[in-house]
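Asker: Structure file final-v7.cif, mmCIF, N, CA and C atoms, is pasted below:
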```
data_structure
#
loop_
_atom_site.group_PDB
_atom_site.id
_atom_site.type_symbol
_atom_site.label_atom_id
_atom_site.label_comp_id
_atom_site.auth_asym_id
_atom_site.auth_seq_id
_atom_site.Cartn_x
_atom_site.Cartn_y
_atom_site.Cartn_z
ATOM 1 N N MET A 1 56.436 52.863 70.687
ATOM 2 C CA MET A 1 56.677 52.246 69.408
ATOM 3 C C MET A 1 57.186 50.818 69.631
ATOM 4 N N VAL A 2 56.748 49.896 68.791
ATOM 5 C CA VAL A 2 57.144 48.497 68.879
ATOM 6 C C VAL A 2 58.492 48.304 68.216
ATOM 7 N N GLN A 3 59.387 47.620 68.919
ATOM 8 C CA GLN A 3 60.698 47.328 68.358
ATOM 9 C C GLN A 3 60.656 45.966 67.667
ATOM 10 N N ILE A 4 61.210 45.874 66.469
ATOM 11 C CA ILE A 4 61.273 44.623 65.725
ATOM 12 C C ILE A 4 62.614 43.967 65.996
ATOM 13 N N VAL A 5 62.568 42.677 66.343
ATOM 14 C CA VAL A 5 63.776 41.916 66.633
ATOM 15 C C VAL A 5 63.875 40.785 65.617
ATOM 16 N N GLU A 6 64.980 40.745 64.878
ATOM 17 C CA GLU A 6 65.205 39.643 63.933
ATOM 18 C C GLU A 6 65.383 38.374 64.748
ATOM 19 N N ASN A 7 64.574 37.347 64.451
ATOM 20 C CA ASN A 7 64.609 36.141 65.262
ATOM 21 C C ASN A 7 64.336 34.915 64.419
ATOM 22 N N TRP A 8 64.966 33.809 64.799
ATOM 23 C CA TRP A 8 64.728 32.507 64.183
ATOM 24 C C TRP A 8 64.912 31.439 65.251
ATOM 25 N N SER A 9 64.104 30.386 65.162
ATOM 26 C CA SER A 9 64.217 29.231 66.054
ATOM 27 C C SER A 9 64.040 27.975 65.217
ATOM 28 N N ASP A 10 64.764 26.924 65.567
ATOM 29 C CA ASP A 10 64.593 25.622 64.911
ATOM 30 C C ASP A 10 63.702 24.758 65.801
ATOM 31 N N LEU A 11 62.549 24.345 65.270
ATOM 32 C CA LEU A 11 61.585 23.567 66.032
ATOM 33 C C LEU A 11 61.349 22.208 65.400
ATOM 34 N N THR A 12 60.974 21.246 66.213
ATOM 35 C CA THR A 12 60.463 19.962 65.736
ATOM 36 C C THR A 12 59.145 19.713 66.449
ATOM 37 N N GLY A 13 58.267 18.989 65.771
ATOM 38 C CA GLY A 13 56.987 18.691 66.386
ATOM 39 C C GLY A 13 56.109 17.867 65.476
ATOM 40 N N VAL A 14 54.865 17.679 65.913
ATOM 41 C CA VAL A 14 53.897 16.877 65.184
ATOM 42 C C VAL A 14 52.775 17.788 64.696
ATOM 43 N N VAL A 15 52.422 17.643 63.417
ATOM 44 C CA VAL A 15 51.377 18.458 62.801
ATOM 45 C C VAL A 15 50.013 18.061 63.367
ATOM 46 N N GLN A 16 49.292 19.046 63.889
ATOM 47 C CA GLN A 16 47.965 18.830 64.466
ATOM 48 C C GLN A 16 46.846 19.205 63.496
ATOM 49 N N ALA A 17 47.106 20.197 62.631
ATOM 50 C CA ALA A 17 46.082 20.663 61.681
ATOM 51 C C ALA A 17 46.751 21.427 60.547
ATOM 52 N N VAL A 18 46.103 21.433 59.386
ATOM 53 C CA VAL A 18 46.544 22.214 58.224
ATOM 54 C C VAL A 18 45.297 22.908 57.675
ATOM 55 N N ARG A 19 45.332 24.249 57.626
ATOM 56 C CA ARG A 19 44.182 25.032 57.167
ATOM 57 C C ARG A 19 44.604 26.048 56.115
ATOM 58 N N ALA A 20 43.804 26.179 55.081
ATOM 59 C CA ALA A 20 44.075 27.174 54.046
ATOM 60 C C ALA A 20 43.897 28.580 54.621
ATOM 61 N N GLU A 21 44.730 29.519 54.159
ATOM 62 C CA GLU A 21 44.587 30.926 54.526
ATOM 63 C C GLU A 21 43.801 31.635 53.430
ATOM 64 N N ALA A 22 43.300 32.809 53.719
ATOM 65 C CA ALA A 22 42.463 33.566 52.783
ATOM 66 C C ALA A 22 43.177 33.894 51.479
ATOM 67 N N THR A 23 44.506 34.011 51.515
ATOM 68 C CA THR A 23 45.248 34.378 50.305
ATOM 69 C C THR A 23 45.270 33.253 49.277
ATOM 70 N N GLY A 24 45.096 32.022 49.732
ATOM 71 C CA GLY A 24 45.073 30.890 48.809
ATOM 72 C C GLY A 24 46.415 30.269 48.535
ATOM 73 N N ASP A 25 47.506 31.037 48.668
ATOM 74 C CA ASP A 25 48.821 30.475 48.386
ATOM 75 C C ASP A 25 49.591 30.114 49.653
ATOM 76 N N ARG A 26 48.936 30.261 50.804
ATOM 77 C CA ARG A 26 49.557 29.925 52.089
ATOM 78 C C ARG A 26 48.595 29.074 52.910
ATOM 79 N N VAL A 27 49.166 28.304 53.827
ATOM 80 C CA VAL A 27 48.364 27.522 54.766
ATOM 81 C C VAL A 27 48.877 27.798 56.177
ATOM 82 N N THR A 28 48.000 27.609 57.145
ATOM 83 C CA THR A 28 48.394 27.675 58.548
ATOM 84 C C THR A 28 48.513 26.246 59.048
ATOM 85 N N VAL A 29 49.683 25.915 59.562
ATOM 86 C CA VAL A 29 49.947 24.585 60.096
ATOM 87 C C VAL A 29 50.049 24.710 61.617
ATOM 88 N N THR A 30 49.208 23.967 62.320
ATOM 89 C CA THR A 30 49.279 23.924 63.780
ATOM 90 C C THR A 30 50.202 22.777 64.160
ATOM 91 N N VAL A 31 51.217 23.089 64.964
ATOM 92 C CA VAL A 31 52.239 22.117 65.330
ATOM 93 C C VAL A 31 52.319 21.991 66.849
ATOM 94 N N GLY A 32 52.289 20.757 67.340
ATOM 95 C CA GLY A 32 52.600 20.481 68.738
ATOM 96 C C GLY A 32 54.106 20.426 68.851
ATOM 97 N N VAL A 33 54.699 21.380 69.537
ATOM 98 C CA VAL A 33 56.153 21.543 69.552
ATOM 99 C C VAL A 33 56.804 20.605 70.566
ATOM 100 N N ASP A 34 57.751 19.790 70.069
ATOM 101 C CA ASP A 34 58.499 18.849 70.914
ATOM 102 C C ASP A 34 59.851 19.405 71.347
ATOM 103 N N SER A 35 60.485 20.192 70.469
ATOM 104 C CA SER A 35 61.788 20.769 70.822
ATOM 105 C C SER A 35 61.971 22.104 70.125
ATOM 106 N N ALA A 36 62.803 22.956 70.744
ATOM 107 C CA ALA A 36 63.104 24.279 70.193
ATOM 108 C C ALA A 36 64.575 24.567 70.443
ATOM 109 N N ALA A 37 65.282 24.966 69.393
ATOM 110 C CA ALA A 37 66.707 25.263 69.517
ATOM 111 C C ALA A 37 66.989 26.644 68.928
ATOM 112 N N PRO A 38 67.949 27.350 69.501
ATOM 113 C CA PRO A 38 68.296 28.664 68.950
ATOM 114 C C PRO A 38 69.040 28.538 67.625
ATOM 115 N N VAL A 39 68.969 29.579 66.835
ATOM 116 C CA VAL A 39 69.740 29.690 65.597
ATOM 117 C C VAL A 39 70.824 30.734 65.867
ATOM 118 N N GLU A 40 72.066 30.367 65.605
ATOM 119 C CA GLU A 40 73.194 31.238 65.908
ATOM 120 C C GLU A 40 73.005 32.638 65.336
ATOM 121 N N GLU A 41 73.305 33.629 66.155
ATOM 122 C CA GLU A 41 73.274 35.047 65.804
ATOM 123 C C GLU A 41 71.871 35.640 65.715
ATOM 124 N N PHE A 42 70.835 34.904 66.135
ATOM 125 C CA PHE A 42 69.471 35.429 66.111
ATOM 126 C C PHE A 42 68.816 35.243 67.473
ATOM 127 N N ALA A 43 67.901 36.135 67.805
ATOM 128 C CA ALA A 43 67.126 35.983 69.032
ATOM 129 C C ALA A 43 66.281 34.715 68.934
ATOM 130 N N HIS A 44 66.110 34.032 70.048
ATOM 131 C CA HIS A 44 65.367 32.760 70.122
ATOM 132 C C HIS A 44 64.050 33.040 70.865
ATOM 133 N N LEU A 45 63.057 33.566 70.149
ATOM 134 C CA LEU A 45 61.807 33.998 70.771
ATOM 135 C C LEU A 45 60.813 32.867 70.999
ATOM 136 N N LEU A 46 61.105 31.668 70.520
ATOM 137 C CA LEU A 46 60.161 30.561 70.679
ATOM 138 C C LEU A 46 60.685 29.478 71.623
ATOM 139 N N ALA A 47 61.608 29.829 72.489
ATOM 140 C CA ALA A 47 62.139 28.867 73.462
ATOM 141 C C ALA A 47 61.039 28.310 74.351
ATOM 142 N N ASP A 48 60.024 29.115 74.630
ATOM 143 C CA ASP A 48 58.936 28.689 75.517
ATOM 144 C C ASP A 48 57.830 27.923 74.796
ATOM 145 N N ALA A 49 58.014 27.616 73.516
ATOM 146 C CA ALA A 49 56.971 26.932 72.737
ATOM 147 C C ALA A 49 56.916 25.422 72.994
ATOM 148 N N VAL A 50 57.961 24.849 73.568
ATOM 149 C CA VAL A 50 58.006 23.403 73.812
ATOM 150 C C VAL A 50 56.845 23.008 74.723
ATOM 151 N N GLY A 51 56.118 21.974 74.290
ATOM 152 C CA GLY A 51 54.972 21.495 75.060
ATOM 153 C C GLY A 51 53.677 22.226 74.748
ATOM 154 N N THR A 52 53.729 23.160 73.802
ATOM 155 C CA THR A 52 52.521 23.900 73.403
ATOM 156 C C THR A 52 52.245 23.657 71.919
ATOM 157 N N GLU A 53 51.139 24.188 71.446
ATOM 158 C CA GLU A 53 50.837 24.185 70.019
ATOM 159 C C GLU A 53 50.981 25.603 69.501
ATOM 160 N N ILE A 54 51.595 25.747 68.316
ATOM 161 C CA ILE A 54 51.696 27.058 67.675
ATOM 162 C C ILE A 54 51.193 26.952 66.246
ATOM 163 N N ASP A 55 50.693 28.060 65.733
ATOM 164 C CA ASP A 55 50.285 28.160 64.335
ATOM 165 C C ASP A 55 51.418 28.795 63.553
ATOM 166 N N VAL A 56 51.738 28.198 62.398
ATOM 167 C CA VAL A 56 52.821 28.681 61.554
ATOM 168 C C VAL A 56 52.309 28.839 60.134
ATOM 169 N N SER A 57 52.486 30.025 59.559
ATOM 170 C CA SER A 57 52.098 30.276 58.171
ATOM 171 C C SER A 57 53.193 29.739 57.250
ATOM 172 N N MET A 58 52.767 28.947 56.252
ATOM 173 C CA MET A 58 53.701 28.325 55.315
ATOM 174 C C MET A 58 53.172 28.426 53.893
ATOM 175 N N PRO A 59 54.054 28.530 52.893
ATOM 176 C CA PRO A 59 53.591 28.480 51.502
ATOM 177 C C PRO A 59 52.938 27.124 51.228
ATOM 178 N N ALA A 60 51.763 27.142 50.599
ATOM 179 C CA ALA A 60 51.052 25.895 50.301
ATOM 180 C C ALA A 60 51.899 24.972 49.433
ATOM 181 N N SER A 61 52.670 25.538 48.499
ATOM 182 C CA SER A 61 53.509 24.713 47.629
ATOM 183 C C SER A 61 54.593 23.983 48.417
ATOM 184 N N LEU A 62 55.152 24.625 49.448
ATOM 185 C CA LEU A 62 56.173 24.002 50.280
ATOM 186 C C LEU A 62 55.577 22.872 51.120
ATOM 187 N N VAL A 63 54.387 23.095 51.644
ATOM 188 C CA VAL A 63 53.702 22.070 52.438
ATOM 189 C C VAL A 63 53.440 20.835 51.576
ATOM 190 N N ALA A 64 53.000 21.054 50.333
ATOM 191 C CA ALA A 64 52.755 19.933 49.416
ATOM 192 C C ALA A 64 54.065 19.230 49.049
ATOM 193 N N GLU A 65 55.096 19.997 48.735
ATOM 194 C CA GLU A 65 56.392 19.436 48.338
ATOM 195 C C GLU A 65 56.990 18.575 49.444
ATOM 196 N N GLN A 66 56.878 19.031 50.684
ATOM 197 C CA GLN A 66 57.457 18.306 51.820
ATOM 198 C C GLN A 66 56.476 17.288 52.421
ATOM 199 N N GLU A 67 55.312 17.155 51.803
ATOM 200 C CA GLU A 67 54.289 16.196 52.234
ATOM 201 C C GLU A 67 53.945 16.345 53.716
ATOM 202 N N VAL A 68 53.700 17.598 54.114
ATOM 203 C CA VAL A 68 53.311 17.899 55.490
ATOM 204 C C VAL A 68 51.844 17.512 55.661
ATOM 205 N N THR A 69 51.577 16.575 56.563
ATOM 206 C CA THR A 69 50.216 16.099 56.791
ATOM 207 C C THR A 69 49.957 15.966 58.286
ATOM 208 N N VAL A 70 48.685 15.993 58.652
ATOM 209 C CA VAL A 70 48.288 15.839 60.047
ATOM 210 C C VAL A 70 48.824 14.508 60.579
ATOM 211 N N GLY A 71 49.442 14.577 61.746
ATOM 212 C CA GLY A 71 50.024 13.392 62.372
ATOM 213 C C GLY A 71 51.484 13.177 62.040
ATOM 214 N N GLY A 72 51.986 13.889 61.029
ATOM 215 C CA GLY A 72 53.380 13.745 60.629
ATOM 216 C C GLY A 72 54.307 14.615 61.461
ATOM 217 N N ALA A 73 55.529 14.143 61.637
ATOM 218 C CA ALA A 73 56.547 14.910 62.353
ATOM 219 C C ALA A 73 57.300 15.800 61.372
ATOM 220 N N ILE A 74 57.603 17.033 61.791
ATOM 221 C CA ILE A 74 58.349 17.964 60.941
ATOM 222 C C ILE A 74 59.431 18.665 61.759
ATOM 223 N N ARG A 75 60.438 19.132 61.028
ATOM 224 C CA ARG A 75 61.487 19.988 61.586
ATOM 225 C C ARG A 75 61.470 21.245 60.721
ATOM 226 N N PHE A 76 61.518 22.409 61.359
ATOM 227 C CA PHE A 76 61.422 23.641 60.584
ATOM 228 C C PHE A 76 62.039 24.807 61.328
ATOM 229 N N ARG A 77 62.416 25.830 60.572
ATOM 230 C CA ARG A 77 62.922 27.088 61.127
ATOM 231 C C ARG A 77 61.779 28.092 61.025
ATOM 232 N N VAL A 78 61.578 28.829 62.097
ATOM 233 C CA VAL A 78 60.423 29.724 62.169
ATOM 234 C C VAL A 78 60.810 31.036 62.841
ATOM 235 N N ARG A 79 60.127 32.100 62.421
ATOM 236 C CA ARG A 79 60.309 33.394 63.089
ATOM 237 C C ARG A 79 58.966 33.865 63.608
ATOM 238 N N ARG A 80 58.996 34.511 64.737
ATOM 239 C CA ARG A 80 57.789 35.108 65.305
ATOM 240 C C ARG A 80 57.686 36.531 64.779
ATOM 241 N N ALA A 81 56.570 36.838 64.123
ATOM 242 C CA ALA A 81 56.347 38.180 63.590
ATOM 243 C C ALA A 81 55.588 39.043 64.592
ATOM 244 N N SER A 82 54.640 38.443 65.292
ATOM 245 C CA SER A 82 53.857 39.120 66.321
ATOM 246 C C SER A 82 53.205 38.040 67.169
ATOM 247 N N ALA A 83 52.523 38.431 68.200
ATOM 248 C CA ALA A 83 51.863 37.445 69.063
ATOM 249 C C ALA A 83 50.911 36.595 68.223
ATOM 250 N N GLY A 84 51.148 35.283 68.196
ATOM 251 C CA GLY A 84 50.285 34.377 67.453
ATOM 252 C C GLY A 84 50.541 34.310 65.962
ATOM 253 N N ARG A 85 51.525 35.046 65.457
ATOM 254 C CA ARG A 85 51.813 35.049 64.019
ATOM 255 C C ARG A 85 53.254 34.623 63.803
ATOM 256 N N ASN A 86 53.433 33.430 63.210
ATOM 257 C CA ASN A 86 54.758 32.844 62.991
ATOM 258 C C ASN A 86 54.892 32.429 61.534
ATOM 259 N N TYR A 87 56.096 32.558 60.993
ATOM 260 C CA TYR A 87 56.331 32.246 59.588
ATOM 261 C C TYR A 87 57.507 31.285 59.435
ATOM 262 N N VAL A 88 57.338 30.279 58.580
ATOM 263 C CA VAL A 88 58.384 29.308 58.325
ATOM 264 C C VAL A 88 59.428 29.904 57.366
ATOM 265 N N HIS A 89 60.672 29.482 57.519
ATOM 266 C CA HIS A 89 61.732 29.817 56.563
ATOM 267 C C HIS A 89 61.594 28.827 55.406
ATOM 268 N N LYS A 90 61.420 29.311 54.211
ATOM 269 C CA LYS A 90 61.095 28.415 53.079
ATOM 270 C C LYS A 90 62.200 27.422 52.725
ATOM 271 N N LYS A 91 63.403 27.608 53.238
ATOM 272 C CA LYS A 91 64.490 26.673 52.933
ATOM 273 C C LYS A 91 64.746 25.691 54.073
ATOM 274 N N PHE A 92 63.984 25.809 55.160
ATOM 275 C CA PHE A 92 64.222 24.939 56.313
ATOM 276 C C PHE A 92 62.924 24.320 56.806
ATOM 277 N N LEU A 93 62.402 23.385 56.026
ATOM 278 C CA LEU A 93 61.223 22.609 56.405
ATOM 279 C C LEU A 93 61.409 21.209 55.865
ATOM 280 N N GLU A 94 61.258 20.216 56.718
ATOM 281 C CA GLU A 94 61.369 18.840 56.247
ATOM 282 C C GLU A 94 60.487 17.931 57.099
ATOM 283 N N GLY A 95 59.921 16.948 56.428
ATOM 284 C CA GLY A 95 59.179 15.912 57.133
ATOM 285 C C GLY A 95 60.166 14.928 57.736
ATOM 286 N N LEU A 96 59.804 14.368 58.864
ATOM 287 C CA LEU A 96 60.691 13.407 59.536
ATOM 288 C C LEU A 96 60.141 12.008 59.438
#
```
Could you show the structure in this file as structure tokens?
Answerer:
Amino acid sequence: MVQIVENWSDLTGVVQAVRAEATGDRVTVTVGVDSAAPVEEFAHLLADAVGTEIDVSMPASLVAEQEVTVGGAIRFRVRRASAGRNYVHKKFLEGL
């Protein structure tokens, strides 16, 4: 049986791509990760993401509100749900 671990990491990076998801209300943002920091009291499962690109699922409305665009730098809190599946915390996303 797979064990679920509550986890959050604070990442910064540059947006490489933004793609709509099938649901229509979410987008997948590909980010080249420049830095990763732990969030107190949570497992830090994305420490090894620095220097790589990861895909992060985000609400389309949040991406529009924060003006997330290809080439732009962002800071965000993210959790890993499964291999290759990451989700942004809706209260911790900002363009830099």
Asker: So which residues touch segment 46-56 of chain A within 7 Å, counting only N, CA and C atoms, skipping near sequence neighbours fewer than 5 positions away, as a PDB file with N, CA and C atoms, in the coordinates of the input?
Answerer:
```pdb
ATOM      1  N   TRP A   8      64.966  33.809  64.799  1.00  0.00           N
ATOM      2  CA  TRP A   8      64.728  32.507  64.183  1.00  0.00           C
ATOM      3  C   TRP A   8      64.912  31.439  65.251  1.00  0.00           C
ATOM      4  N   SER A   9      64.104  30.386  65.162  1.00  0.00           N
ATOM      5  CA  SER A   9      64.217  29.231  66.054  1.00  0.00           C
ATOM      6  C   SER A   9      64.040  27.975  65.217  1.00  0.00           C
ATOM      7  N   VAL A  27      49.166  28.304  53.827  1.00  0.00           N
ATOM      8  CA  VAL A  27      48.364  27.522  54.766  1.00  0.00           C
ATOM      9  C   VAL A  27      48.877  27.798  56.177  1.00  0.00           C
ATOM     10  N   THR A  28      48.000  27.609  57.145  1.00  0.00           N
ATOM     11  CA  THR A  28      48.394  27.675  58.548  1.00  0.00           C
ATOM     12  C   THR A  28      48.513  26.246  59.048  1.00  0.00           C
ATOM     13  N   VAL A  29      49.683  25.915  59.562  1.00  0.00           N
ATOM     14  CA  VAL A  29      49.947  24.585  60.096  1.00  0.00           C
ATOM     15  C   VAL A  29      50.049  24.710  61.617  1.00  0.00           C
ATOM     16  N   THR A  30      49.208  23.967  62.320  1.00  0.00           N
ATOM     17  CA  THR A  30      49.279  23.924  63.780  1.00  0.00           C
ATOM     18  C   THR A  30      50.202  22.777  64.160  1.00  0.00           C
ATOM     19  N   VAL A  31      51.217  23.089  64.964  1.00  0.00           N
ATOM     20  CA  VAL A  31      52.239  22.117  65.330  1.00  0.00           C
ATOM     21  C   VAL A  31      52.319  21.991  66.849  1.00  0.00           C
ATOM     22  N   GLY A  32      52.289  20.757  67.340  1.00  0.00           N
ATOM     23  CA  GLY A  32      52.600  20.481  68.738  1.00  0.00           C
ATOM     24  C   GLY A  32      54.106  20.426  68.851  1.00  0.00           C
ATOM     25  N   VAL A  33      54.699  21.380  69.537  1.00  0.00           N
ATOM     26  CA  VAL A  33      56.153  21.543  69.552  1.00  0.00           C
ATOM     27  C   VAL A  33      56.804  20.605  70.566  1.00  0.00           C
ATOM     28  N   ASP A  34      57.751  19.790  70.069  1.00  0.00           N
ATOM     29  CA  ASP A  34      58.499  18.849  70.914  1.00  0.00           C
ATOM     30  C   ASP A  34      59.851  19.405  71.347  1.00  0.00           C
ATOM     31  N   SER A  35      60.485  20.192  70.469  1.00  0.00           N
ATOM     32  CA  SER A  35      61.788  20.769  70.822  1.00  0.00           C
ATOM     33  C   SER A  35      61.971  22.104  70.125  1.00  0.00           C
ATOM     34  N   ALA A  36      62.803  22.956  70.744  1.00  0.00           N
ATOM     35  CA  ALA A  36      63.104  24.279  70.193  1.00  0.00           C
ATOM     36  C   ALA A  36      64.575  24.567  70.443  1.00  0.00           C
ATOM     37  N   ALA A  37      65.282  24.966  69.393  1.00  0.00           N
ATOM     38  CA  ALA A  37      66.707  25.263  69.517  1.00  0.00           C
ATOM     39  C   ALA A  37      66.989  26.644  68.928  1.00  0.00           C
ATOM     40  N   ARG A  80      58.996  34.511  64.737  1.00  0.00           N
ATOM     41  CA  ARG A  80      57.789  35.108  65.305  1.00  0.00           C
ATOM     42  C   ARG A  80      57.686  36.531  64.779  1.00  0.00           C
ATOM     43  N   GLY A  84      51.148  35.283  68.196  1.00  0.00           N
ATOM     44  CA  GLY A  84      50.285  34.377  67.453  1.00  0.00           C
ATOM     45  C   GLY A  84      50.541  34.310  65.962  1.00  0.00           C
ATOM     46  N   ARG A  85      51.525  35.046  65.457  1.00  0.00           N
ATOM     47  CA  ARG A  85      51.813  35.049  64.019  1.00  0.00           C
ATOM     48  C   ARG A  85      53.254  34.623  63.803  1.00  0.00           C
ATOM     49  N   ASN A  86      53.433  33.430  63.210  1.00  0.00           N
ATOM     50  CA  ASN A  86      54.758  32.844  62.991  1.00  0.00           C
ATOM     51  C   ASN A  86      54.892  32.429  61.534  1.00  0.00           C
ATOM     52  N   TYR A  87      56.096  32.558  60.993  1.00  0.00           N
ATOM     53  CA  TYR A  87      56.331  32.246  59.588  1.00  0.00           C
ATOM     54  C   TYR A  87      57.507  31.285  59.435  1.00  0.00           C
ATOM     55  N   VAL A  88      57.338  30.279  58.580  1.00  0.00           N
ATOM     56  CA  VAL A  88      58.384  29.308  58.325  1.00  0.00           C
ATOM     57  C   VAL A  88      59.428  29.904  57.366  1.00  0.00           C
TER      58      VAL A  88
END
```
Asker: Rounded to one decimal, what separation in Å do you get between atom N of Gly13 of chain A and atom CA of Glu41 of chain A?
Answerer: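 Between these atoms lies a distance of 22.0 Å.
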Asker: Find the residues near Asn7 of chain A: any atom within 7 Å, counting all atoms listed in the file, skip ones fewer than 2 places away on the same chain, and give them as a list in words.
Answerer: Val5, Ser9, Phe42, Ala43, His44, Leu45, Val78, Arg79 and Arg80 of chain A
Asker: Which of chain A counts as helix (DSSP H, G or I) under DSSP, as a VMD selection string please?
Answerer: chain A and resid 47 to 49 60 to 65
Asker: So the first atom is atom N of Val63 of chain A and the second is atom C of Gly24 of chain A; what is the distance between them in Å, to one decimal place?
Answerer: 11.2 Å
Asker: From the list A:Arg26, A:Leu93, A:Asp10, A:Phe76, which residue is nearest Ser61 of chain A when using all atoms listed in the file?
Answerer: A:Arg26
Asker: What does the distance from atom CA of His89 of chain A to atom CA of Gly72 of chain A come to in Å, to one decimal?
Answerer: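 For atom CA of His89 of chain A relative to atom CA of Gly72 of chain A, the distance reads 18.6 Å.
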Asker: Using only N, CA and C atoms, pick whichever of A:Glu40, A:Thr69, A:Arg75, A:Leu62 has the shortest atom-to-atom distance to Phe92 of chain A.
Answerer: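 The closest residue to Phe92 of chain A is A:Arg75.
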Asker: Please put the answer as AutoDock Vina command-line options: centre and edge lengths, in Å with one decimal, of a box along x, y and z that encloses all listed atoms of segment 41-46 of chain A plus 8 Å on each side.
Answerer:
```
--center_x 66.7 --center_y 32.8 --center_z 68.7 --size_x 29.1 --size_y 22.7 --size_z 21.9
```
Asker: Between A:Ala60, A:Thr12, A:Pro38, A:Ala22, which residue has the minimum interatomic distance to Ala73 of chain A, considering only N, CA and C atoms?
Answerer: A:Thr12
Asker: Only C-alpha atoms, please: segment 9-61 of chain A from the block, as a PDB file, in the first residue's frame.
Answerer:
```pdb
ATOM      1  CA  SER A   9       8.063  23.071  -0.724  1.00  0.00           C
ATOM      2  CA  ASP A  10       8.665  26.722  -1.606  1.00  0.00           C
ATOM      3  CA  LEU A  11      10.126  27.005  -5.114  1.00  0.00           C
ATOM      4  CA  THR A  12      11.267  29.808  -7.391  1.00  0.00           C
ATOM      5  CA  GLY A  13      11.904  29.507 -11.083  1.00  0.00           C
ATOM      6  CA  VAL A  14      11.182  30.623 -14.621  1.00  0.00           C
ATOM      7  CA  VAL A  15       8.019  29.615 -16.493  1.00  0.00           C
ATOM      8  CA  GLN A  16       8.856  27.498 -19.555  1.00  0.00           C
ATOM      9  CA  ALA A  17       5.316  26.659 -20.748  1.00  0.00           C
ATOM     10  CA  VAL A  18       1.632  27.081 -19.841  1.00  0.00           C
ATOM     11  CA  ARG A  19      -0.865  24.484 -21.127  1.00  0.00           C
ATOM     12  CA  ALA A  20      -4.586  24.085 -20.550  1.00  0.00           C
ATOM     13  CA  GLU A  21      -5.714  20.888 -18.794  1.00  0.00           C
ATOM     14  CA  ALA A  22      -8.710  18.826 -19.927  1.00  0.00           C
ATOM     15  CA  THR A  23     -10.872  20.132 -17.068  1.00  0.00           C
ATOM     16  CA  GLY A  24     -10.717  23.675 -18.433  1.00  0.00           C
ATOM     17  CA  ASP A  25     -10.381  25.363 -15.051  1.00  0.00           C
ATOM     18  CA  ARG A  26      -6.743  24.360 -14.491  1.00  0.00           C
ATOM     19  CA  VAL A  27      -3.489  24.782 -16.385  1.00  0.00           C
ATOM     20  CA  THR A  28      -0.184  22.938 -16.250  1.00  0.00           C
ATOM     21  CA  VAL A  29       2.753  25.291 -15.810  1.00  0.00           C
ATOM     22  CA  THR A  30       6.223  23.958 -16.608  1.00  0.00           C
ATOM     23  CA  VAL A  31       8.805  25.669 -14.409  1.00  0.00           C
ATOM     24  CA  GLY A  32      12.598  25.593 -14.573  1.00  0.00           C
ATOM     25  CA  VAL A  33      13.366  25.424 -10.858  1.00  0.00           C
ATOM     26  CA  ASP A  34      16.079  27.774  -9.540  1.00  0.00           C
ATOM     27  CA  SER A  35      15.632  27.221  -5.798  1.00  0.00           C
ATOM     28  CA  ALA A  36      13.736  24.980  -3.383  1.00  0.00           C
ATOM     29  CA  ALA A  37      13.219  25.571   0.330  1.00  0.00           C
ATOM     30  CA  PRO A  38      11.465  23.476   2.965  1.00  0.00           C
ATOM     31  CA  VAL A  39       8.241  24.590   4.622  1.00  0.00           C
ATOM     32  CA  GLU A  40       8.337  24.214   8.401  1.00  0.00           C
ATOM     33  CA  GLU A  41       6.603  21.104   9.761  1.00  0.00           C
ATOM     34  CA  PHE A  42       6.171  19.479   6.315  1.00  0.00           C
ATOM     35  CA  ALA A  43       8.199  16.964   4.337  1.00  0.00           C
ATOM     36  CA  HIS A  44      10.316  18.620   1.609  1.00  0.00           C
ATOM     37  CA  LEU A  45       9.852  16.198  -1.314  1.00  0.00           C
ATOM     38  CA  LEU A  46      11.027  18.607  -4.025  1.00  0.00           C
ATOM     39  CA  ALA A  47      14.519  19.360  -2.695  1.00  0.00           C
ATOM     40  CA  ASP A  48      15.971  17.588  -5.740  1.00  0.00           C
ATOM     41  CA  ALA A  49      13.980  19.722  -8.223  1.00  0.00           C
ATOM     42  CA  VAL A  50      16.613  22.496  -8.425  1.00  0.00           C
ATOM     43  CA  GLY A  51      18.122  22.591 -11.906  1.00  0.00           C
ATOM     44  CA  THR A  52      15.256  20.585 -13.425  1.00  0.00           C
ATOM     45  CA  GLU A  53      11.883  21.373 -14.963  1.00  0.00           C
ATOM     46  CA  ILE A  54       8.672  20.306 -13.219  1.00  0.00           C
ATOM     47  CA  ASP A  55       5.023  20.475 -14.223  1.00  0.00           C
ATOM     48  CA  VAL A  56       2.682  22.085 -11.700  1.00  0.00           C
ATOM     49  CA  SER A  57      -1.124  22.074 -11.892  1.00  0.00           C
ATOM     50  CA  MET A  58      -2.591  25.498 -11.083  1.00  0.00           C
ATOM     51  CA  PRO A  59      -6.067  27.073 -11.190  1.00  0.00           C
ATOM     52  CA  ALA A  60      -6.375  29.001 -14.470  1.00  0.00           C
ATOM     53  CA  SER A  61      -7.892  31.961 -12.595  1.00  0.00           C
TER      54      SER A  61
END
```
